[in-house]
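Structure below is query.pdb: PDB, C-alpha atoms.
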ATOM      1  CA  MET A 274       0.000   0.000   0.000
ATOM      2  CA  ILE A 275       1.296   3.439  -0.947
ATOM      3  CA  ALA A 276       1.220   6.000   1.869
ATOM      4  CA  ARG A 277       0.375   9.612   1.065
ATOM      5  CA  ILE A 278       2.013  10.851   4.279
ATOM      6  CA  LEU A 279       5.200   9.667   6.014
ATOM      7  CA  ALA A 280       7.249  11.066   8.909
ATOM      8  CA  THR A 281      10.950  11.335   9.591
ATOM      9  CA  PRO A 282      12.396   9.976  12.858
ATOM     10  CA  ALA A 283      12.815  13.582  14.052
ATOM     11  CA  ALA A 284       9.130  14.292  13.419
ATOM     12  CA  ILE A 285       8.101  11.101  15.221
ATOM     13  CA  ASP A 286      10.268  12.035  18.222
ATOM     14  CA  LEU A 287       8.684  15.491  18.371
ATOM     15  CA  ILE A 288       5.191  14.016  18.067
ATOM     16  CA  GLU A 289       5.936  11.723  21.021
ATOM     17  CA  THR A 290       7.170  14.692  23.079
ATOM     18  CA  LEU A 291       4.053  16.695  22.260
ATOM     19  CA  ARG A 292       1.785  13.711  22.925
ATOM     20  CA  ARG A 293       3.231  13.353  26.436
ATOM     21  CA  GLN A 294       2.466  17.040  27.074
ATOM     22  CA  HIS A 295      -0.899  17.381  25.315
ATOM     23  CA  GLY A 296      -2.410  13.922  24.878
ATOM     24  CA  PRO A 297      -3.744  12.624  21.535
ATOM     25  CA  LEU A 298      -2.822  14.830  18.571
ATOM     26  CA  MET A 299      -3.931  15.604  15.028
ATOM     27  CA  PHE A 300      -2.465  17.485  12.068
ATOM     28  CA  HIS A 301      -4.022  19.806   9.529
ATOM     29  CA  GLN A 302      -2.410  21.494   6.548
ATOM     30  CA  SER A 303      -4.254  24.264   4.783
ATOM     31  CA  GLY A 304      -3.280  26.817   2.210
ATOM     32  CA  GLY A 305      -4.400  29.609   4.484
ATOM     33  CA  CYS A 306      -3.072  32.238   6.832
ATOM     34  CA  CYS A 307      -0.196  32.355   9.308
ATOM     35  CA  ASP A 308       2.471  30.026   7.986
ATOM     36  CA  GLY A 309       0.574  29.363   4.779
ATOM     37  CA  SER A 310       0.672  25.692   3.973
ATOM     38  CA  GLN A 311       2.784  24.552   6.921
ATOM     39  CA  PRO A 312       1.411  21.525   8.768
ATOM     40  CA  MET A 313      -0.104  22.413  12.111
ATOM     41  CA  CYS A 314      -0.341  20.123  15.125
ATOM     42  CA  PHE A 315      -3.276  20.387  17.528
ATOM     43  CA  PRO A 316      -4.701  18.396  20.409
ATOM     44  CA  GLU A 317      -7.013  15.844  18.780
ATOM     45  CA  GLY A 318     -10.416  17.397  18.104
ATOM     46  CA  GLU A 319      -9.305  20.976  18.785
ATOM     47  CA  PHE A 320      -9.255  21.799  15.075
ATOM     48  CA  LYS A 321     -12.629  21.310  13.440
ATOM     49  CA  VAL A 322     -12.211  19.295  10.266
ATOM     50  CA  GLY A 323     -14.491  20.395   7.443
ATOM     51  CA  GLN A 324     -16.377  18.336   4.875
ATOM     52  CA  SER A 325     -13.882  19.274   2.165
ATOM     53  CA  ASP A 326     -10.830  18.256   4.227
ATOM     54  CA  VAL A 327      -9.032  15.094   3.112
ATOM     55  CA  LEU A 328      -7.595  12.524   5.525
ATOM     56  CA  LEU A 329      -4.198  11.653   4.025
ATOM     57  CA  GLY A 330      -3.400   9.009   6.607
ATOM     58  CA  LYS A 331      -1.718   8.742   9.973
ATOM     59  CA  VAL A 332       1.713   9.806  11.182
ATOM     60  CA  ALA A 333       2.865   8.249  14.449
ATOM     61  CA  GLY A 334      -0.769   7.366  15.172
ATOM     62  CA  CYS A 335      -2.095  10.897  14.503
ATOM     63  CA  ASN A 336      -4.589  11.710  11.768
ATOM     64  CA  PHE A 337      -3.177  14.063   9.137
ATOM     65  CA  TYR A 338      -5.740  16.145   7.240
ATOM     66  CA  MET A 339      -5.333  18.562   4.355
ATOM     67  CA  SER A 340      -7.789  21.081   3.006
ATOM     68  CA  GLY A 341      -9.452  19.889  -0.185
ATOM     69  CA  ASP A 342      -8.176  22.830  -2.221
ATOM     70  CA  GLN A 343      -4.612  22.224  -1.044
ATOM     71  CA  PHE A 344      -4.973  18.485  -1.740
ATOM     72  CA  GLU A 345      -5.692  19.257  -5.406
ATOM     73  CA  TYR A 346      -2.178  20.737  -5.659
ATOM     74  CA  TRP A 347      -0.464  17.955  -3.692
ATOM     75  CA  LYS A 348      -2.400  14.808  -4.687
ATOM     76  CA  HIS A 349       0.346  13.680  -7.077
ATOM     77  CA  THR A 350       2.998  13.740  -4.334
ATOM     78  CA  GLN A 351       4.003  11.711  -1.317
ATOM     79  CA  LEU A 352       4.483  14.020   1.648
ATOM     80  CA  THR A 353       6.996  13.538   4.443
ATOM     81  CA  LEU A 354       6.507  15.343   7.737
ATOM     82  CA  ASP A 355       9.828  16.637   9.057
ATOM     83  CA  VAL A 356      11.076  19.134  11.655
ATOM     84  CA  ILE A 357      13.179  22.244  11.093
ATOM     85  CA  SER A 358      14.661  24.788  13.497
ATOM     86  CA  GLY A 359      13.015  28.149  13.920
ATOM     87  CA  ARG A 360       9.793  29.489  15.299
ATOM     88  CA  GLY A 361       6.845  29.802  13.012
ATOM     89  CA  SER A 362       3.964  32.209  13.463
ATOM     90  CA  SER A 363       1.265  29.559  13.675
ATOM     91  CA  PHE A 364      -0.776  28.103  16.510
ATOM     92  CA  SER A 365       0.856  24.704  16.141
ATOM     93  CA  LEU A 366       1.881  23.011  19.404
ATOM     94  CA  GLU A 367       5.595  22.737  18.594
ATOM     95  CA  ILE A 368       6.203  26.470  18.076
ATOM     96  CA  PRO A 369       7.144  27.262  21.726
ATOM     97  CA  LEU A 370       9.905  24.634  21.455
ATOM     98  CA  GLY A 371      11.743  26.683  18.797
ATOM     99  CA  VAL A 372      11.062  24.190  16.003
ATOM    100  CA  ARG A 373       8.350  23.677  13.466
ATOM    101  CA  PHE A 374       6.911  20.882  11.413
ATOM    102  CA  HIS A 375       7.737  21.075   7.734
ATOM    103  CA  ILE A 376       6.586  19.141   4.655
ATOM    104  CA  ARG A 377       8.914  17.651   2.089
ATOM    105  CA  SER A 378       7.475  16.071  -1.032
ATOM    106  CA  ARG A 379       8.262  13.851  -3.962
ATOM    107  CA  VAL A 380       6.183  13.137  -7.035
ATOM    108  CA  PHE A 381       4.600   9.689  -7.171
ATOM    109  CA  SER A 382       5.711   7.422 -10.004
ATOM    110  CA  GLU A 383       3.129   6.365 -12.585
ATOM    111  CA  GLU A 384       2.966   2.908 -10.954
ATOM    112  CA  GLU A 385       2.355   4.458  -7.546
ATOM    113  CA  ILE A 386      -0.407   6.666  -8.902
ATOM    114  CA  LYS A 387      -2.111   3.610 -10.400
ATOM    115  CA  ALA A 388      -1.817   1.807  -7.039
ATOM    116  CA  LEU A 389      -3.397   4.791  -5.273
ATOM    117  CA  ALA A 390      -6.394   4.637  -7.600
ATOM    118  CA  ASN A 391      -7.106   1.003  -6.654
TER
END

Using the file provided, produce a representation of the structure as C-alpha cells.
Amino acid sequence: MIARILATPAAIDLIETLRRQHGPLMFHQSGGCCDGSQPMCFPEGEFKVGQSDVLLGKVAGCNFYMSGDQFEYWKHTQLTLDVISGRGSSFSLEIPLGVRFHIRSRVFSEEEIKALAN
C-alpha cells in the first residue's frame, strides 16, 4: 500500500514529546493564513475538520488532514513530515519549542499513482 504521508524519525520524536504534554494529537495542513501551507499540530479534536478536508493518513498514530483545495495541488505527491529549526507564526503546538513541522514532497511514479487509484 502506498502512503500519502510519512514522517521522519525527528518528526516522530517530536510528536511523542508533544503527545506526552498534550495527549492525543492531530495534524491539519491548509493553504491559508499564518504560515501558509505549513502543517499544524493540535490536540485531537481541537481543530474542526471540514467536509472538504481530506484525511491523508496517519503519522505516528495521529490523523493528518489537508484542506481539499490544497490536496488538489499535492495529490500527485508523497508528503513527508519533518522538523526544522526556527519558530513559526502559527498556533501549532511545537512552536514554543523553537522548532516547526515542515513538509517535504516527492512526485509519485506512474505505478504508484495507479496503485493509489485502486

Just checking: using all atoms listed in the file, which residue out of A:Pro297, A:Gly361, A:Gly341, A:Pro369 ends up closest to A:Glu319? A:Pro297

Hey, what comes out of the PyMOL selection byres ((chain A and resi 353) around 9) on this file? Could you write it as a VMD selection string? chain A and resid 277 to 281 351 to 352 354 to 355 375 to 379

Tell me which of A:Met274, A:Leu291, A:Met299, A:Ser365 sits closest to A:Glu384, counting all atoms listed in the file. A:Met274

In the coordinate frame of the file, compute which residues have an atom within 10 Å of (-3.0, 17.6, -0.8) when using only C-alpha atoms, and state them as a PDB file with C-alpha atoms, in the coordinates of the input.
ATOM      1  CA  ARG A 277       0.375   9.612   1.065  1.00  0.00           C
ATOM      2  CA  ILE A 278       2.013  10.851   4.279  1.00  0.00           C
ATOM      3  CA  GLN A 302      -2.410  21.494   6.548  1.00  0.00           C
ATOM      4  CA  SER A 303      -4.254  24.264   4.783  1.00  0.00           C
ATOM      5  CA  GLY A 304      -3.280  26.817   2.210  1.00  0.00           C
ATOM      6  CA  ASP A 326     -10.830  18.256   4.227  1.00  0.00           C
ATOM      7  CA  VAL A 327      -9.032  15.094   3.112  1.00  0.00           C
ATOM      8  CA  LEU A 328      -7.595  12.524   5.525  1.00  0.00           C
ATOM      9  CA  LEU A 329      -4.198  11.653   4.025  1.00  0.00           C
ATOM     10  CA  TYR A 338      -5.740  16.145   7.240  1.00  0.00           C
ATOM     11  CA  MET A 339      -5.333  18.562   4.355  1.00  0.00           C
ATOM     12  CA  SER A 340      -7.789  21.081   3.006  1.00  0.00           C
ATOM     13  CA  GLY A 341      -9.452  19.889  -0.185  1.00  0.00           C
ATOM     14  CA  ASP A 342      -8.176  22.830  -2.221  1.00  0.00           C
ATOM     15  CA  GLN A 343      -4.612  22.224  -1.044  1.00  0.00           C
ATOM     16  CA  PHE A 344      -4.973  18.485  -1.740  1.00  0.00           C
ATOM     17  CA  GLU A 345      -5.692  19.257  -5.406  1.00  0.00           C
ATOM     18  CA  TYR A 346      -2.178  20.737  -5.659  1.00  0.00           C
ATOM     19  CA  TRP A 347      -0.464  17.955  -3.692  1.00  0.00           C
ATOM     20  CA  LYS A 348      -2.400  14.808  -4.687  1.00  0.00           C
ATOM     21  CA  HIS A 349       0.346  13.680  -7.077  1.00  0.00           C
ATOM     22  CA  THR A 350       2.998  13.740  -4.334  1.00  0.00           C
ATOM     23  CA  GLN A 351       4.003  11.711  -1.317  1.00  0.00           C
ATOM     24  CA  LEU A 352       4.483  14.020   1.648  1.00  0.00           C
TER      25      LEU A 352
END

Could you work out how far atom CA of A:Phe364 lies from atom CA of A:Ala276, giving the answer in Å with one decimal?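 Here the two named atoms are 26.6 Å from each other.
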
Taking 3 positions as the minimum chain separation for residues in the same chain, which residues sit within 7 Å of A:Leu389 when counting all atoms listed in the file? Answer as a list in words.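 So the residues in contact are Ile275, Glu385 and Ile386 of chain A.
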
Quick one: which residues end up in the PyMOL selection byres ((chain A and resi 334) around 10) for this structure, as number ranges by chain? A: 285, 288-289, 297-299, 330-333, 335-337

Taking into account all atoms listed in the file, which residue in the set A:Val322, A:Ile357, A:Arg292, A:Asp286 is nearest to A:Val372?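 Of A:Val322, A:Ile357, A:Arg292, A:Asp286, the one nearest A:Val372 is A:Ile357, counting all atoms listed in the file.
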
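Checking A:His301, A:Val356, A:Gln294, A:Gly323 one by one against A:Pro282, counting all atoms listed in the file, you find the shortest gap at A:Val356.
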
Name the residues that the PyMOL selection byres ((chain A and resi 362) around 12) picks from the file above, as a ChimeraX atom specification, using the file's chain letters and numbers. /A:306-313,359-361,363-369,371-374

Quick one, how far is atom CA of A:Phe300 from atom CA of A:Ser382? 25.6 Å

Give me, please, the distance in Å between atom CA of A:Ala283 and atom CA of A:Ser358, quoted to one decimal.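 Atom CA of A:Ala283 sits 11.4 Å away from atom CA of A:Ser358.
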
What does stretch 290-317 of chain A look like written to a file with N, CA, C and O atoms, as a CSV table (one decimal), in the first residue's frame?
chain,number,residue,atom,x,y,z
A,290,THR,N,7.0,13.7,22.0
A,290,THR,CA,7.2,14.7,23.1
A,290,THR,C,5.9,15.5,23.3
A,290,THR,O,5.4,15.7,24.4
A,291,LEU,N,5.3,15.9,22.2
A,291,LEU,CA,4.1,16.7,22.3
A,291,LEU,C,2.9,15.9,22.8
A,291,LEU,O,2.1,16.4,23.5
A,292,ARG,N,2.9,14.6,22.4
A,292,ARG,CA,1.8,13.7,22.9
A,292,ARG,C,1.9,13.5,24.4
A,292,ARG,O,0.8,13.5,25.1
A,293,ARG,N,3.1,13.5,25.0
A,293,ARG,CA,3.2,13.4,26.4
A,293,ARG,C,2.7,14.6,27.1
A,293,ARG,O,2.2,14.6,28.2
A,294,GLN,N,2.9,15.8,26.5
A,294,GLN,CA,2.5,17.0,27.1
A,294,GLN,C,1.0,17.3,26.9
A,294,GLN,O,0.3,17.9,27.7
A,295,HIS,N,0.4,16.9,25.7
A,295,HIS,CA,-0.9,17.4,25.3
A,295,HIS,C,-1.9,16.3,25.1
A,295,HIS,O,-3.1,16.6,24.8
A,296,GLY,N,-1.5,15.0,25.2
A,296,GLY,CA,-2.4,13.9,24.9
A,296,GLY,C,-2.5,13.6,23.4
A,296,GLY,O,-1.6,14.0,22.6
A,297,PRO,N,-3.6,13.0,22.9
A,297,PRO,CA,-3.7,12.6,21.5
A,297,PRO,C,-3.7,13.9,20.6
A,297,PRO,O,-4.2,14.9,21.0
A,298,LEU,N,-3.1,13.7,19.5
A,298,LEU,CA,-2.8,14.8,18.6
A,298,LEU,C,-3.4,14.6,17.2
A,298,LEU,O,-3.7,13.5,16.8
A,299,MET,N,-3.5,15.7,16.4
A,299,MET,CA,-3.9,15.6,15.0
A,299,MET,C,-3.2,16.7,14.3
A,299,MET,O,-2.6,17.6,14.9
A,300,PHE,N,-3.1,16.5,12.9
A,300,PHE,CA,-2.5,17.5,12.1
A,300,PHE,C,-3.4,18.0,11.0
A,300,PHE,O,-4.3,17.2,10.6
A,301,HIS,N,-3.3,19.2,10.6
A,301,HIS,CA,-4.0,19.8,9.5
A,301,HIS,C,-3.1,20.7,8.7
A,301,HIS,O,-2.3,21.5,9.3
A,302,GLN,N,-3.2,20.6,7.4
A,302,GLN,CA,-2.4,21.5,6.5
A,302,GLN,C,-3.4,22.2,5.6
A,302,GLN,O,-4.1,21.5,4.9
A,303,SER,N,-3.4,23.5,5.7
A,303,SER,CA,-4.3,24.3,4.8
A,303,SER,C,-3.4,25.1,3.8
A,303,SER,O,-2.2,25.0,3.8
A,304,GLY,N,-4.0,25.9,3.1
A,304,GLY,CA,-3.3,26.8,2.2
A,304,GLY,C,-3.5,28.2,2.7
A,304,GLY,O,-3.4,29.2,1.9
A,305,GLY,N,-3.9,28.4,4.0
A,305,GLY,CA,-4.4,29.6,4.5
A,305,GLY,C,-3.4,30.5,5.1
A,305,GLY,O,-2.2,30.6,4.7
A,306,CYS,N,-3.8,31.2,6.2
A,306,CYS,CA,-3.1,32.2,6.8
A,306,CYS,C,-1.9,31.7,7.7
A,306,CYS,O,-1.6,30.6,7.6
A,307,CYS,N,-1.3,32.6,8.4
A,307,CYS,CA,-0.2,32.4,9.3
A,307,CYS,C,1.0,31.8,8.5
A,307,CYS,O,1.6,32.5,7.7
A,308,ASP,N,1.3,30.6,8.7
A,308,ASP,CA,2.5,30.0,8.0
A,308,ASP,C,2.1,29.4,6.7
A,308,ASP,O,2.7,28.5,6.2
A,309,GLY,N,1.0,29.9,6.1
A,309,GLY,CA,0.6,29.4,4.8
A,309,GLY,C,0.2,27.9,4.8
A,309,GLY,O,-0.7,27.5,5.5
A,310,SER,N,1.0,27.1,4.1
A,310,SER,CA,0.7,25.7,4.0
A,310,SER,C,1.5,24.8,4.9
A,310,SER,O,1.8,23.7,4.6
A,311,GLN,N,2.0,25.4,6.0
A,311,GLN,CA,2.8,24.6,6.9
A,311,GLN,C,1.8,23.6,7.7
A,311,GLN,O,0.7,24.0,8.0
A,312,PRO,N,2.3,22.4,8.0
A,312,PRO,CA,1.4,21.5,8.8
A,312,PRO,C,1.3,22.1,10.2
A,312,PRO,O,2.3,22.6,10.7
A,313,MET,N,0.1,21.9,10.7
A,313,MET,CA,-0.1,22.4,12.1
A,313,MET,C,-0.6,21.3,13.0
A,313,MET,O,-1.4,20.5,12.5
A,314,CYS,N,0.0,21.2,14.2
A,314,CYS,CA,-0.3,20.1,15.1
A,314,CYS,C,-1.2,20.7,16.2
A,314,CYS,O,-0.9,21.7,16.8
A,315,PHE,N,-2.3,20.0,16.5
A,315,PHE,CA,-3.3,20.4,17.5
A,315,PHE,C,-3.6,19.2,18.4
A,315,PHE,O,-3.5,18.0,18.0
A,316,PRO,N,-4.1,19.5,19.6
A,316,PRO,CA,-4.7,18.4,20.4
A,316,PRO,C,-5.9,17.8,19.6
A,316,PRO,O,-6.6,18.6,18.9
A,317,GLU,N,-6.0,16.5,19.6
A,317,GLU,CA,-7.0,15.8,18.8
A,317,GLU,C,-8.4,16.5,19.1
A,317,GLU,O,-8.8,16.6,20.2
